[in-house]
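Participant: File model_23.txt below, compact mmCIF, C-alpha atoms and all ligand atoms:
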# COMPACT_ATOMS: atom_id res chain seq x y z
CA MET A 1 -63.52 24.27 -33.02
CA ASP A 2 -60.19 25.25 -34.54
CA ILE A 3 -59.79 23.40 -37.79
CA ASP A 4 -58.02 24.42 -40.92
CA ILE A 5 -60.86 24.37 -43.44
CA SER A 6 -58.59 24.83 -46.41
CA LYS A 7 -56.46 21.83 -45.43
CA VAL A 8 -59.55 19.67 -44.84
CA SER A 9 -60.99 20.68 -48.19
CA GLU A 10 -57.71 19.93 -49.93
CA LYS A 11 -57.34 16.57 -48.23
CA LEU A 12 -60.86 15.47 -49.16
CA ASN A 13 -61.02 17.19 -52.52
CA LEU A 14 -64.11 19.17 -51.51
CA ASP A 15 -64.69 22.92 -52.02
CA GLU A 16 -64.12 25.00 -48.92
CA GLU A 17 -67.68 26.27 -49.16
CA VAL A 18 -68.99 22.71 -49.11
CA VAL A 19 -66.96 21.92 -45.99
CA LYS A 20 -68.11 25.10 -44.21
CA ASN A 21 -71.67 24.42 -45.13
CA ALA A 22 -71.47 20.83 -43.88
CA ILE A 23 -70.10 22.04 -40.56
CA GLU A 24 -72.91 24.58 -40.23
CA ARG A 25 -75.54 21.97 -41.01
CA ARG A 26 -73.84 19.67 -38.52
CA VAL A 27 -73.32 17.02 -41.15
CA ILE A 28 -69.72 17.17 -40.01
CA SER A 29 -69.29 16.72 -36.30
CA PHE A 30 -66.30 16.91 -34.01
CA CYS A 31 -65.27 14.02 -31.80
CA LYS A 32 -62.53 12.93 -29.50
CA TYR A 33 -61.16 9.58 -28.44
CA ARG A 34 -58.52 9.85 -25.70
CA ASP A 35 -55.93 12.23 -27.20
CA LYS A 36 -57.20 11.86 -30.76
CA ARG A 37 -59.42 14.54 -32.26
CA TYR A 38 -61.29 13.83 -35.46
CA ILE A 39 -64.23 14.90 -37.59
CA ILE A 40 -66.99 12.62 -38.88
CA PHE A 41 -69.24 12.85 -41.92
CA LYS A 42 -72.66 11.88 -40.63
CA LYS A 43 -74.12 11.87 -44.12
CA LYS A 44 -72.76 11.51 -47.61
CA VAL A 45 -71.35 14.82 -48.92
CA ARG A 46 -70.54 14.75 -52.66
CA HIS A 47 -68.12 11.83 -53.10
CA ILE A 48 -67.45 11.50 -49.38
CA GLU A 49 -69.33 8.51 -47.92
CA ARG A 50 -71.23 8.64 -44.67
CA GLY A 51 -68.97 7.46 -41.85
CA THR A 52 -65.80 8.95 -43.33
CA ILE A 53 -63.51 10.34 -40.68
CA LEU A 54 -60.59 12.72 -40.80
CA PHE A 55 -58.12 12.87 -37.95
CA LEU A 56 -56.99 16.29 -36.81
CA ASN A 57 -53.38 15.10 -36.52
CA GLU A 58 -50.23 16.17 -38.35
CA GLU A 59 -51.02 14.03 -41.40
CA MET A 60 -54.77 14.65 -41.34
CA ASP A 61 -55.31 10.95 -41.93
CA VAL A 62 -58.56 10.07 -43.66
CA VAL A 63 -60.50 6.82 -43.28
CA MET A 64 -63.17 6.55 -45.95
CA GLY A 65 -66.68 5.44 -45.02
CA TYR A 66 -67.55 1.84 -45.87
CA PRO A 67 -69.64 1.92 -49.06
CA LYS A 68 -73.18 0.64 -49.20
CA ILE A 69 -73.65 -2.87 -50.55
CA ARG A 70 -76.60 -3.14 -52.93
CA ARG A 71 -79.11 -5.95 -52.57
CA ALA A 72 -80.49 -8.39 -55.11
CA LEU A 73 -84.18 -9.18 -54.64
CA VAL A 74 -83.90 -11.97 -57.18
CA LEU A 75 -80.58 -13.68 -57.98
CA ASP A 76 -81.64 -14.41 -61.52
CA PRO A 77 -81.10 -12.29 -63.62
CA THR A 78 -79.48 -9.76 -61.25
CA VAL A 79 -76.24 -11.71 -60.85
CA LYS A 80 -75.84 -12.24 -64.60
CA LYS A 81 -76.55 -8.61 -65.26
CA HIS A 82 -74.25 -7.15 -62.64
CA PHE A 83 -71.11 -9.29 -62.72
CA ILE A 84 -68.46 -9.54 -65.39
CA ASP A 85 -67.60 -13.24 -65.51
CA LYS A 86 -66.85 -15.12 -62.27
CA VAL A 87 -68.52 -14.57 -58.93
CA ILE A 88 -67.09 -15.34 -55.52
CA VAL A 89 -69.68 -16.27 -52.93
CA GLU A 90 -68.81 -15.37 -49.35
CA GLU A 91 -70.86 -15.80 -46.25
CA LYS A 92 -72.52 -12.64 -44.99
CA LEU A 93 -71.91 -12.55 -41.28
CA ASN A 94 -74.43 -10.95 -39.01
CA GLY A 95 -72.53 -8.63 -36.74
CA TYR A 96 -71.33 -5.07 -37.05
CA ASN A 97 -69.01 -3.43 -39.52
CA VAL A 98 -65.68 -2.20 -38.24
CA ARG A 99 -62.82 -0.45 -39.97
CA ILE A 100 -59.46 -1.06 -38.37
CA VAL A 101 -56.63 1.38 -38.92
CA ASN A 102 -53.29 2.33 -37.49
CA ILE A 103 -53.16 6.05 -36.69
CA ASP A 104 -49.91 7.38 -35.28
CA GLY A 105 -48.96 3.92 -34.09
CA GLU A 106 -52.29 3.18 -32.42
CA VAL A 107 -54.72 0.56 -33.74
CA LEU A 108 -58.31 1.81 -33.68
CA GLY A 109 -61.74 0.28 -34.37
CA ILE A 110 -64.14 2.58 -36.20
CA THR A 111 -67.87 1.85 -36.46
CA ARG A 112 -69.92 2.22 -39.65
CA GLY A 113 -71.07 5.66 -38.52
CA GLY A 114 -67.48 6.82 -38.04
CA ARG A 115 -67.00 6.63 -34.28
CA ILE A 116 -63.94 5.18 -32.62
CA CYS A 117 -65.58 2.59 -30.39
CA PRO A 118 -63.66 1.95 -27.15
CA PHE A 119 -65.10 -1.57 -26.75
CA THR A 120 -64.12 -2.58 -30.28
CA THR A 121 -60.73 -0.89 -30.12
CA LYS A 122 -59.80 -2.85 -26.98
CA LYS A 123 -61.00 -6.18 -28.36
CA ILE A 124 -59.20 -5.92 -31.68
CA SER A 125 -55.81 -6.75 -30.25
CA LYS A 126 -57.28 -9.87 -28.62
CA LEU A 127 -58.99 -11.05 -31.80
CA LEU A 128 -56.34 -10.52 -34.43
CA ASN A 129 -52.69 -9.98 -35.11
CA THR A 130 -52.34 -6.24 -35.76
CA ASP A 131 -48.75 -6.49 -37.07
CA ILE A 132 -50.26 -6.38 -40.53
CA LEU A 133 -51.13 -2.71 -39.93
CA GLU A 134 -47.65 -1.93 -38.71
CA ASP A 135 -46.14 -3.29 -41.91
CA HIS A 136 -48.89 -1.77 -44.08
CA PRO A 137 -50.00 1.42 -42.34
CA GLU A 138 -51.78 2.67 -45.47
CA ILE A 139 -54.47 -0.03 -45.50
CA THR A 140 -57.84 -0.22 -43.78
CA LEU A 141 -58.97 -3.65 -42.64
CA CYS A 142 -62.73 -3.93 -42.92
CA GLY A 143 -64.34 -6.70 -40.95
CA GLU A 144 -67.40 -7.93 -39.12
CA VAL A 145 -67.41 -8.31 -35.35
CA ILE A 146 -69.71 -11.21 -34.50
CA GLY A 147 -70.91 -13.13 -31.48
CA LEU A 148 -73.21 -12.82 -28.53
CA ASN A 149 -70.95 -10.64 -26.39
CA ASN A 150 -70.84 -7.37 -28.30
CA PRO A 151 -72.76 -4.16 -27.68
CA TYR A 152 -74.42 -3.77 -31.10
CA VAL A 153 -75.54 -7.02 -32.79
CA PRO A 154 -75.66 -9.85 -30.28
CA HIS A 155 -76.01 -13.04 -32.25
CA TYR A 156 -74.50 -16.38 -31.25
CA TYR A 157 -71.92 -17.94 -33.57
CA PRO A 158 -70.61 -21.31 -32.33
CA GLU A 159 -67.26 -20.81 -34.10
CA VAL A 160 -66.28 -17.82 -31.97
CA ASP A 161 -66.61 -19.27 -28.49
CA ARG A 162 -63.36 -18.34 -26.73
CA GLU A 163 -62.20 -19.31 -23.31
CA ILE A 164 -61.04 -16.17 -21.56
CA TYR A 165 -60.33 -17.95 -18.31
CA LYS A 166 -59.79 -21.52 -17.20
CA ASP A 167 -58.82 -22.99 -13.88
CA GLY A 168 -59.86 -26.59 -13.33
CA ASP A 169 -63.62 -26.72 -13.68
CA MET A 170 -64.04 -22.97 -13.71
CA VAL A 171 -64.27 -21.72 -17.29
CA ILE A 172 -65.30 -18.27 -18.50
CA LYS A 173 -66.28 -18.02 -22.13
CA GLU A 174 -66.79 -15.05 -24.37
CA ASN A 175 -68.61 -15.43 -27.69
CA LEU A 176 -66.85 -12.87 -29.85
CA GLY A 177 -64.88 -12.90 -33.08
CA LEU A 178 -63.76 -10.70 -35.93
CA TYR A 179 -63.53 -11.72 -39.57
CA VAL A 180 -61.99 -9.43 -42.14
CA PHE A 181 -63.92 -9.25 -45.43
CA ASP A 182 -62.18 -6.42 -47.25
CA ILE A 183 -58.86 -4.59 -47.36
CA ARG A 184 -59.11 -1.06 -48.67
CA GLU A 185 -56.65 1.57 -49.64
CA GLY A 186 -58.52 4.85 -50.04
CA ASN A 187 -61.52 3.92 -52.13
CA ILE A 188 -60.03 0.81 -53.69
CA SER A 189 -60.55 -2.79 -52.50
CA LEU A 190 -57.83 -5.39 -52.94
CA PRO A 191 -58.77 -8.28 -55.26
CA VAL A 192 -60.13 -11.16 -53.19
CA GLU A 193 -57.20 -13.54 -53.72
CA LYS A 194 -54.64 -10.88 -52.88
CA ARG A 195 -56.66 -9.98 -49.80
CA ASN A 196 -56.71 -13.60 -48.62
CA LYS A 197 -53.01 -14.09 -49.27
CA LEU A 198 -52.03 -11.06 -47.24
CA LEU A 199 -54.36 -12.00 -44.39
CA GLU A 200 -53.04 -15.54 -44.34
CA GLU A 201 -49.50 -14.27 -44.12
CA TYR A 202 -50.40 -12.59 -40.84
CA ASN A 203 -52.82 -15.26 -39.71
CA VAL A 204 -55.71 -12.78 -39.59
CA PRO A 205 -59.14 -14.48 -39.64
CA TYR A 206 -61.15 -13.71 -42.75
CA VAL A 207 -64.45 -14.79 -44.31
CA LYS A 208 -63.83 -17.92 -46.33
CA PRO A 209 -65.24 -18.23 -49.83
CA LEU A 210 -68.15 -20.66 -50.09
CA GLY A 211 -67.53 -21.11 -53.77
CA VAL A 212 -66.44 -19.53 -57.04
CA PHE A 213 -68.91 -19.75 -59.90
CA LYS A 214 -69.55 -18.55 -63.39
CA LYS A 215 -72.13 -15.83 -63.18
CA GLU A 216 -74.61 -18.06 -65.01
CA ASP A 217 -74.45 -20.78 -62.33
CA ILE A 218 -77.25 -19.33 -60.30
CA GLU A 219 -78.72 -22.66 -59.24
CA GLU A 220 -75.53 -23.41 -57.30
CA ILE A 221 -75.71 -20.06 -55.57
CA LYS A 222 -79.34 -20.72 -54.67
CA ASN A 223 -78.34 -24.04 -53.10
CA ILE A 224 -75.84 -22.23 -50.90
CA VAL A 225 -78.60 -19.89 -49.77
CA LEU A 226 -80.84 -22.86 -48.87
CA LYS A 227 -78.05 -24.50 -46.91
CA LEU A 228 -77.24 -21.33 -44.97
CA ASN A 229 -80.94 -20.87 -44.27
CA SER A 230 -81.21 -24.34 -42.79
CA GLU A 231 -78.19 -23.59 -40.58
CA GLY A 232 -79.73 -20.36 -39.31
CA ARG A 233 -77.15 -18.11 -40.99
CA GLU A 234 -77.64 -14.66 -42.47
CA GLY A 235 -76.87 -14.88 -46.17
CA ILE A 236 -74.29 -14.28 -48.86
CA ILE A 237 -72.20 -11.52 -50.38
CA LEU A 238 -71.32 -11.94 -54.02
CA LYS A 239 -68.06 -10.42 -55.22
CA ASP A 240 -66.17 -9.89 -58.42
CA PRO A 241 -62.76 -11.59 -57.94
CA ASP A 242 -60.98 -8.35 -58.85
CA MET A 243 -63.49 -6.12 -57.09
CA MET A 244 -64.02 -4.25 -60.35
CA VAL A 245 -67.76 -3.99 -59.67
CA GLY A 246 -69.37 -3.57 -56.27
CA PRO A 247 -70.48 -6.58 -54.19
CA ILE A 248 -74.13 -7.64 -53.93
CA LYS A 249 -75.91 -9.06 -50.93
CA TYR A 250 -78.72 -11.58 -50.57
CA THR A 251 -80.19 -12.85 -47.32
CA THR A 252 -82.02 -15.92 -46.01
CA HIS A 253 -85.59 -16.44 -44.89
CA TYR A 254 -84.22 -17.27 -41.46
CA THR A 255 -82.64 -13.84 -41.14
CA HIS A 256 -85.69 -11.97 -42.42
CA CYS A 257 -87.74 -13.65 -39.70
CA GLU A 258 -85.12 -12.88 -37.06
CA ASP A 259 -85.10 -9.24 -38.14
CA LEU A 260 -88.88 -9.08 -38.00
CA SER A 261 -88.99 -10.52 -34.52
CA VAL A 262 -86.44 -8.00 -33.27
CA ALA A 263 -88.35 -5.23 -35.02
CA PHE A 264 -91.66 -6.17 -33.46
CA ARG A 265 -90.26 -6.72 -30.00
CA TYR A 266 -89.35 -3.01 -30.15
CA THR A 267 -92.49 -2.23 -32.13
CA PHE A 268 -92.51 1.54 -32.09
CA ASP A 269 -88.75 2.02 -32.27
CA LEU A 270 -87.88 -0.39 -35.08
CA GLY A 271 -91.10 -1.81 -36.50
CA ILE A 272 -91.87 0.66 -39.27
CA HIS A 273 -88.32 0.97 -40.49
CA PHE A 274 -87.72 -2.80 -40.63
CA MET A 275 -90.99 -4.31 -41.65
CA PHE A 276 -91.59 -3.25 -45.23
CA SER A 277 -88.16 -4.18 -46.59
CA ARG A 278 -88.16 -7.64 -44.96
CA LEU A 279 -91.60 -8.49 -46.25
CA ILE A 280 -90.64 -7.43 -49.77
CA ARG A 281 -87.55 -9.68 -49.62
CA GLU A 282 -89.74 -12.60 -48.61
CA GLY A 283 -92.13 -12.05 -51.50
CA TYR A 284 -89.39 -12.12 -54.13
CA GLN A 285 -87.63 -15.05 -52.50
CA SER A 286 -90.77 -17.16 -52.48
CA TYR A 287 -91.26 -16.36 -56.16
CA GLU A 288 -87.67 -17.10 -57.14
CA PHE A 289 -87.53 -20.42 -55.26
CA ASN A 290 -90.70 -21.55 -57.04
CA GLU A 291 -92.59 -22.35 -53.91
CA GLY A 292 -95.67 -24.50 -54.05
CA GLU A 293 -98.76 -24.19 -51.83
CA GLU A 294 -97.25 -25.96 -48.87
CA GLU A 295 -93.92 -24.15 -48.84
CA LEU A 296 -95.63 -20.82 -49.27
CA GLU A 297 -97.91 -21.52 -46.37
CA ARG A 298 -94.98 -22.55 -44.20
CA ARG A 299 -93.27 -19.28 -45.07
CA ALA A 300 -96.42 -17.29 -44.31
CA VAL A 301 -96.77 -18.94 -40.91
CA SER A 302 -93.18 -18.33 -39.92
CA ILE A 303 -93.34 -14.68 -40.99
CA GLY A 304 -96.56 -14.25 -39.06
CA LYS A 305 -95.13 -15.85 -35.94
CA SER A 306 -92.02 -13.69 -36.11
CA ILE A 307 -94.21 -10.63 -36.06
CA ILE A 308 -96.98 -11.47 -33.64
CA TYR A 309 -95.22 -13.40 -30.86
CA PRO A 310 -92.62 -10.78 -29.92
CA MET A 311 -95.10 -7.94 -30.32
CA VAL A 312 -97.56 -9.54 -27.90
CA GLU A 313 -94.75 -10.38 -25.53
CA SER A 314 -93.76 -6.72 -25.40
CA ILE A 315 -97.35 -5.64 -24.74
CA ARG A 316 -97.56 -8.15 -21.91
CA LYS A 317 -94.28 -6.92 -20.46
CA VAL A 318 -95.36 -3.29 -20.45
CA SER A 319 -98.72 -4.24 -18.94
CA LYS A 320 -96.78 -5.71 -16.02
CA GLY A 321 -94.80 -2.51 -15.67
CA GLU A 322 -91.55 -3.97 -17.04
CA LEU A 323 -89.01 -2.00 -19.04
CA ILE A 324 -88.45 -2.92 -22.70
CA THR A 325 -84.72 -3.37 -23.21
CA GLU A 326 -82.37 -5.23 -25.49
CA ASP A 327 -79.72 -6.82 -23.32
CA PHE A 328 -76.01 -7.09 -24.03
CA GLU A 329 -73.63 -9.16 -21.94
CA LEU A 330 -70.10 -7.80 -22.21
CA TYR A 331 -66.70 -8.64 -20.77
CA PHE A 332 -64.14 -5.97 -19.89
CA GLU A 333 -60.71 -6.00 -18.32
CA SER A 334 -61.14 -3.19 -15.82
CA GLU A 335 -63.59 -0.82 -14.16
CA GLU A 336 -62.03 2.01 -16.16
CA ASP A 337 -62.78 0.24 -19.42
CA ILE A 338 -66.40 -0.21 -18.39
CA GLU A 339 -66.70 3.45 -17.42
CA GLU A 340 -65.12 4.57 -20.67
CA PHE A 341 -67.59 2.48 -22.64
CA LEU A 342 -70.61 3.73 -20.69
CA ARG A 343 -69.42 7.30 -21.25
CA TYR A 344 -69.21 6.51 -24.95
CA LEU A 345 -72.82 5.20 -24.99
CA ARG A 346 -73.99 8.47 -23.43
CA GLU A 347 -71.99 10.45 -25.97
CA VAL A 348 -73.73 8.68 -28.85
CA HIS A 349 -77.08 9.19 -27.10
CA ILE A 350 -77.90 5.56 -26.45
CA SER A 351 -80.01 5.20 -23.32
CA TYR A 352 -79.23 2.19 -21.22
CA VAL A 353 -79.61 0.65 -17.80
CA VAL A 354 -76.97 -1.45 -16.12
CA LYS A 355 -78.72 -4.70 -15.20
CA GLU A 356 -75.85 -6.74 -13.80
CA ARG A 357 -72.28 -5.94 -12.94
CA GLU A 358 -69.77 -8.29 -11.34
CA VAL A 359 -66.07 -8.98 -11.00
CA LEU A 360 -65.44 -12.59 -11.99
CA LYS A 361 -61.66 -12.66 -11.70
CA ASP A 362 -58.81 -10.22 -11.26
CA ASN A 363 -59.20 -8.74 -14.69
CA ILE A 364 -62.51 -10.12 -15.91
CA TYR A 365 -65.46 -7.81 -15.41
CA ARG A 366 -68.88 -8.90 -16.62
CA ILE A 367 -71.68 -6.45 -17.23
CA VAL A 368 -75.18 -6.73 -18.65
CA ILE A 369 -76.41 -3.56 -20.27
CA GLY A 370 -80.03 -3.07 -21.30
CA LYS A 371 -80.48 -0.70 -24.21
CA VAL A 372 -83.72 1.16 -23.56
CA TYR A 373 -86.33 1.47 -26.29
CA PRO A 374 -88.31 4.45 -25.06
CA SER A 375 -91.01 4.84 -27.74
CA THR A 376 -92.06 1.22 -27.55
CA LYS A 377 -92.65 1.35 -23.82
CA ASP A 378 -94.33 4.78 -23.84
CA LYS A 379 -96.66 4.06 -26.73
CA ILE A 380 -97.69 0.61 -25.56
CA LYS A 381 -98.33 2.00 -22.11
CA SER A 382 -100.42 4.83 -23.46
CA TYR A 383 -102.55 2.53 -25.66
CA LEU A 384 -103.08 0.19 -22.74
CA GLU A 385 -104.30 3.18 -20.75
CA GLY A 386 -106.89 4.00 -23.38
CA SER A 387 -105.19 6.40 -25.78
CA LEU A 388 -106.59 6.39 -29.30
CA TRP A 389 -104.40 5.37 -32.30
P1 LIG B 401 -75.25 -1.39 -46.39
O1 LIG B 401 -75.27 0.09 -46.22
O2 LIG B 401 -73.95 -1.90 -46.91
O3 LIG B 401 -76.44 -1.95 -47.13
P2 LIG B 401 -76.40 -2.30 -43.91
O4 LIG B 401 -76.18 -1.56 -42.66
O5 LIG B 401 -77.75 -2.32 -44.50
O6 LIG B 401 -75.27 -1.92 -44.92
P3 LIG B 401 -76.08 -5.13 -44.15
O7 LIG B 401 -77.43 -5.36 -44.74
O8 LIG B 401 -75.66 -5.96 -43.01
O9 LIG B 401 -75.82 -3.70 -43.64
O10 LIG B 401 -75.06 -5.42 -45.37
C1 LIG B 401 -73.78 -4.92 -45.58
C2 LIG B 401 -72.79 -5.26 -44.49
O11 LIG B 401 -72.58 -6.65 -44.38
C3 LIG B 401 -71.40 -4.74 -44.71
O12 LIG B 401 -71.28 -3.38 -44.42
C4 LIG B 401 -70.59 -5.61 -43.75
O13 LIG B 401 -70.54 -5.01 -42.48
C5 LIG B 401 -71.40 -6.88 -43.62
N1 LIG B 401 -70.73 -8.09 -44.11
C6 LIG B 401 -70.80 -9.30 -43.49
N2 LIG B 401 -70.12 -10.23 -44.16
C7 LIG B 401 -69.58 -9.63 -45.24
C8 LIG B 401 -68.75 -10.08 -46.33
N3 LIG B 401 -68.37 -11.33 -46.45
N4 LIG B 401 -68.39 -9.15 -47.26
C9 LIG B 401 -68.80 -7.87 -47.16
N5 LIG B 401 -69.57 -7.39 -46.17
C10 LIG B 401 -69.97 -8.26 -45.22
MG MG B 402 -75.24 -6.47 -41.11
Now that the file is in, can you turn its structure into structure tokens?

Facilitator:
Amino acid sequence: MDIDISKVSEKLNLDEEVVKNAIERRVISFCKYRDKRYIIFKKKVRHIERGTILFLNEEMDVVMGYPKIRRALVLDPTVKKHFIDKVIVEEKLNGYNVRIVNIDGEVLGITRGGRICPFTTKKISKLLNTDILEDHPEITLCGEVIGLNNPYVPHYYPEVDREIYKDGDMVIKENLGLYVFDIREGNISLPVEKRNKLLEEYNVPYVKPLGVFKKEDIEEIKNIVLKLNSEGREGIILKDPDMMVGPIKYTTHYTHCEDLSVAFRYTFDLGIHFMFSRLIREGYQSYEFNEGEEELERRAVSIGKSIIYPMVESIRKVSKGELITEDFELYFESEEDIEEFLRYLREVHISYVVKEREVLKDNIYRIVIGKVYPSTKDKIKSYLEGSLW
């Protein structure tokens, strides 16, 4: 592909050799979305984060990858050690990360990996006021797309039920929302208060703080975690008010169990990768929350159930000849939009089957896509047919 290596290297402050080498090793790949051509960093190269993208336009606009958020296994003493003085506690929403930018007058939704996602890009204008990016074209809005009706992390959030159609008794609802949690300019995050003020000005939804504490007030933070756990929510992100040090994440027992049950439903595709880290988190959490015999046993039982029930269910399914898929129910506005999204899934090598497809109204198209987990089905089938482990 025709790219000006010297310009790319200048723009990213990387040696030309490093850029060439990354292209050869296919760490940099070339992509296209409609008339926009861009390159993606699939892995971290020097100071360039994974998921960074550079548009091959006049300006060679760069959108930096979203940095990794480190995890605390115990809140005490990690929070005291890491933060400077005050800590803002925000809810950690369980959806997918999206960076929203305005490139040559067009608002785009970029996934963590650095792809312009056609589904996300179309929904953005429905979910938030994008004027903010017209007035401030230099910023990147970073947010979490949540809800049941998205193609990556389907998880129901009652607060994002939206009516997309209503006529008398006939109501069509979509469970989808977007909450901004960070505004970045290059590699710098706006201080939290400034971020909130700007977002409020444009009426853009953002994650609300659950509290501001002195870094020593860990008991209060632990109580928030317990409350979120009882409400079936994912966890917290702790932030320095001025974003002078990186945020830290901490998640609930509820979410660890959810993760395990997803992992073991797709045993041989996700199991190994997910299991160890979730179990470790549970061990440290039980210790930190001073659990007695009874609580520990309750935890053990719920972890065990999260693993064994979905795993056995998958074995049963395969034994009956059924396909193992993770299903996503999505709403589009046209056949063309559906086709564009399915093309995108093929481009990113996600195998899928279309399970349902119907036109509900003039411009409401509903589709259920099953993401196929090939290893899980093949391995289970082969063991059931007598293969040795
Ligand atoms: P990471 O590489 O950051 O560890 P991950 O893929 O392991 O990412 P998570 O464990 O979900 O993801 O944790 C980090 C992600 O949490 C962020 O990238 C962001 O998408 C999401 N997130 C949800 N709520 C918030 C919030 N309030 N502040 C910051 N990030 C949030
Ligand atoms: Mg997440």

Participant: Enclose all atoms of ligand LIG 401 (chain B) listed in the file in an axis-aligned box, grow every side by 5 Å, and hand back centre and edge lengths in Å to one decimal, as lines of an AutoDock Vina configuration file.

Facilitator:
center_x = -73.1
center_y = -5.6
center_z = -44.9
size_x = 19.4
size_y = 21.4
size_z = 14.8

Participant: Take atom CA of A:Pro151 and atom CA of A:Gly235 and report the distance between them in Å, one decimal.

Facilitator: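 Atom-to-atom, atom CA of A:Pro151 to atom CA of A:Gly235, that is 21.8 Å.
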
Participant: Give me the chain A side of the contact with ligand MG 402 (chain B), cut-off 6 Å, one line per residue showing its nearest atom pair and distance in Å at one decimal, counting all atoms listed in the file, sorted by chain and residue number, as CSV.

Facilitator:
residue,atom,partner,partner_atom,distance
A:Asn94,CA,B:MG402,MG,5.0
A:Gly95,CA,B:MG402,MG,5.6
A:Tyr96,CA,B:MG402,MG,5.8

Participant: Would you list the residues that come within 9 Å of ligand LIG 401 (chain B)? Count all atoms listed in the file and give the answer as an NGL selection string.

Facilitator: :A and (66-71 or 89-98 or 112 or 142-145 or 179-182 or 206-209 or 234-239 or 247-251)

Participant: Taking only C-alpha atoms into account, name the residue in A:Met311, A:Val348, A:Ile28, A:Val354 that is nearest to A:Asp269.

Facilitator: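 The closest residue to A:Asp269 is A:Met311.
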
Participant: For each of A:Val45, A:Thr120, A:Ser189, A:Val18, take the minimum atom-to-atom distance to A:Gly246, counting all atoms listed in the file, then give the residue where this is smallest.

Facilitator: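 Closest candidate: A:Ser189.
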
Participant: For A:Phe264, find every residue with an atom within 6 Å (counting all atoms listed in the file), except residues of its own chain fewer than 2 positions away, and show them as a list in words.

Facilitator: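 What passes the distance filter is Ser261, Val262, Tyr266, Thr267, Gly271, Ile307, Pro310 and Met311 of chain A.
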
Participant: What lies within 6 Å of stretch 195-205 of chain A using all atoms listed in the file, ignoring chain neighbours under 3 positions off, as a count of residues only?

Facilitator: 4

Participant: For stretch 359-368 of chain A, find every residue with an atom within 8 Å (counting only C-alpha atoms), except residues of its own chain fewer than 6 positions away, and show them as an MDAnalysis selection string.

Facilitator: chainID A and resid 327:335

Participant: With stretch 9-14 of chain A as the partner and 9 Å as the cut-off, tabulate the residues of stretch 24-117 of chain A that qualify, each row holding the nearest pair of atoms and their distance in Å to one decimal, using only C-alpha atoms, sorted by chain and rising number, as CSV.

Facilitator:
residue,atom,partner,partner_atom,distance
A:Val45,CA,A:Leu14,CA,8.8
A:Arg46,CA,A:Leu14,CA,7.9
A:His47,CA,A:Leu14,CA,8.5
A:Ile48,CA,A:Leu12,CA,7.7
A:Leu54,CA,A:Leu12,CA,8.8
A:Met60,CA,A:Lys11,CA,7.6
A:Asp61,CA,A:Lys11,CA,8.7
A:Val62,CA,A:Lys11,CA,8.0

Participant: Measuring atom to atom with all atoms listed in the file, identify which of A:Val153, A:Ile116, A:Leu75, A:Cys31 is nearest to A:Leu56.

Facilitator: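 Result for the nearest residue to A:Leu56: A:Cys31.
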
Participant: Please identify all polymer residues within 10 Å of stretch 23-26 of chain A, counting all atoms listed in the file, omitting same-chain residues fewer than 4 positions from it, and present them as a PyMOL selection string.

Facilitator: chain A and resi 5+17-19+30+39-43

Participant: Compute the distance from (-68.6, 7.1, -44.5) to each atom, counting all atoms listed in the file, keep the residues with any atom at most 6 Å away, and return them as a list in words; use the coordinates of the file.

Facilitator: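 With a cut-off of 6 Å, the residues come to Glu49, Arg50, Gly51, Thr52, Met64, Gly65 and Tyr66 of chain A.
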
Participant: Give the answer as one residue: which of A:Lys80, A:Phe341, A:Asn150, A:Thr140 has the shortest atom-to-atom distance to A:Tyr33, using all atoms listed in the file?

Facilitator: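 With all atoms listed in the file as the atom set, the closest residue is A:Phe341.
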
Participant: Can I get a file of stretch 341-346 of chain A from the given structure, N, CA, C and O atoms kept, as a short mmCIF file (atom, residue, chain, number, x, y, z; two decimals), in the first residue's frame?

Facilitator:
data_model
loop_
_atom_site.label_atom_id
_atom_site.label_comp_id
_atom_site.auth_asym_id
_atom_site.auth_seq_id
_atom_site.Cartn_x
_atom_site.Cartn_y
_atom_site.Cartn_z
N PHE A 341 -22.54 -4.26 8.27
CA PHE A 341 -22.03 -4.79 9.53
C PHE A 341 -21.59 -6.26 9.38
O PHE A 341 -20.56 -6.67 9.92
N LEU A 342 -22.35 -7.04 8.63
CA LEU A 342 -21.96 -8.44 8.44
C LEU A 342 -20.63 -8.53 7.67
O LEU A 342 -19.78 -9.38 7.97
N ARG A 343 -20.46 -7.62 6.72
CA ARG A 343 -19.20 -7.58 5.97
C ARG A 343 -18.05 -7.27 6.93
O ARG A 343 -16.98 -7.88 6.88
N TYR A 344 -18.31 -6.35 7.83
CA TYR A 344 -17.31 -5.97 8.83
C TYR A 344 -16.93 -7.17 9.71
O TYR A 344 -15.75 -7.43 9.96
N LEU A 345 -17.93 -7.95 10.14
CA LEU A 345 -17.63 -9.13 10.97
C LEU A 345 -16.72 -10.11 10.22
O LEU A 345 -15.81 -10.68 10.79
N ARG A 346 -16.99 -10.27 8.93
CA ARG A 346 -16.14 -11.17 8.13
C ARG A 346 -14.73 -10.61 8.03
O ARG A 346 -13.76 -11.34 8.14
#
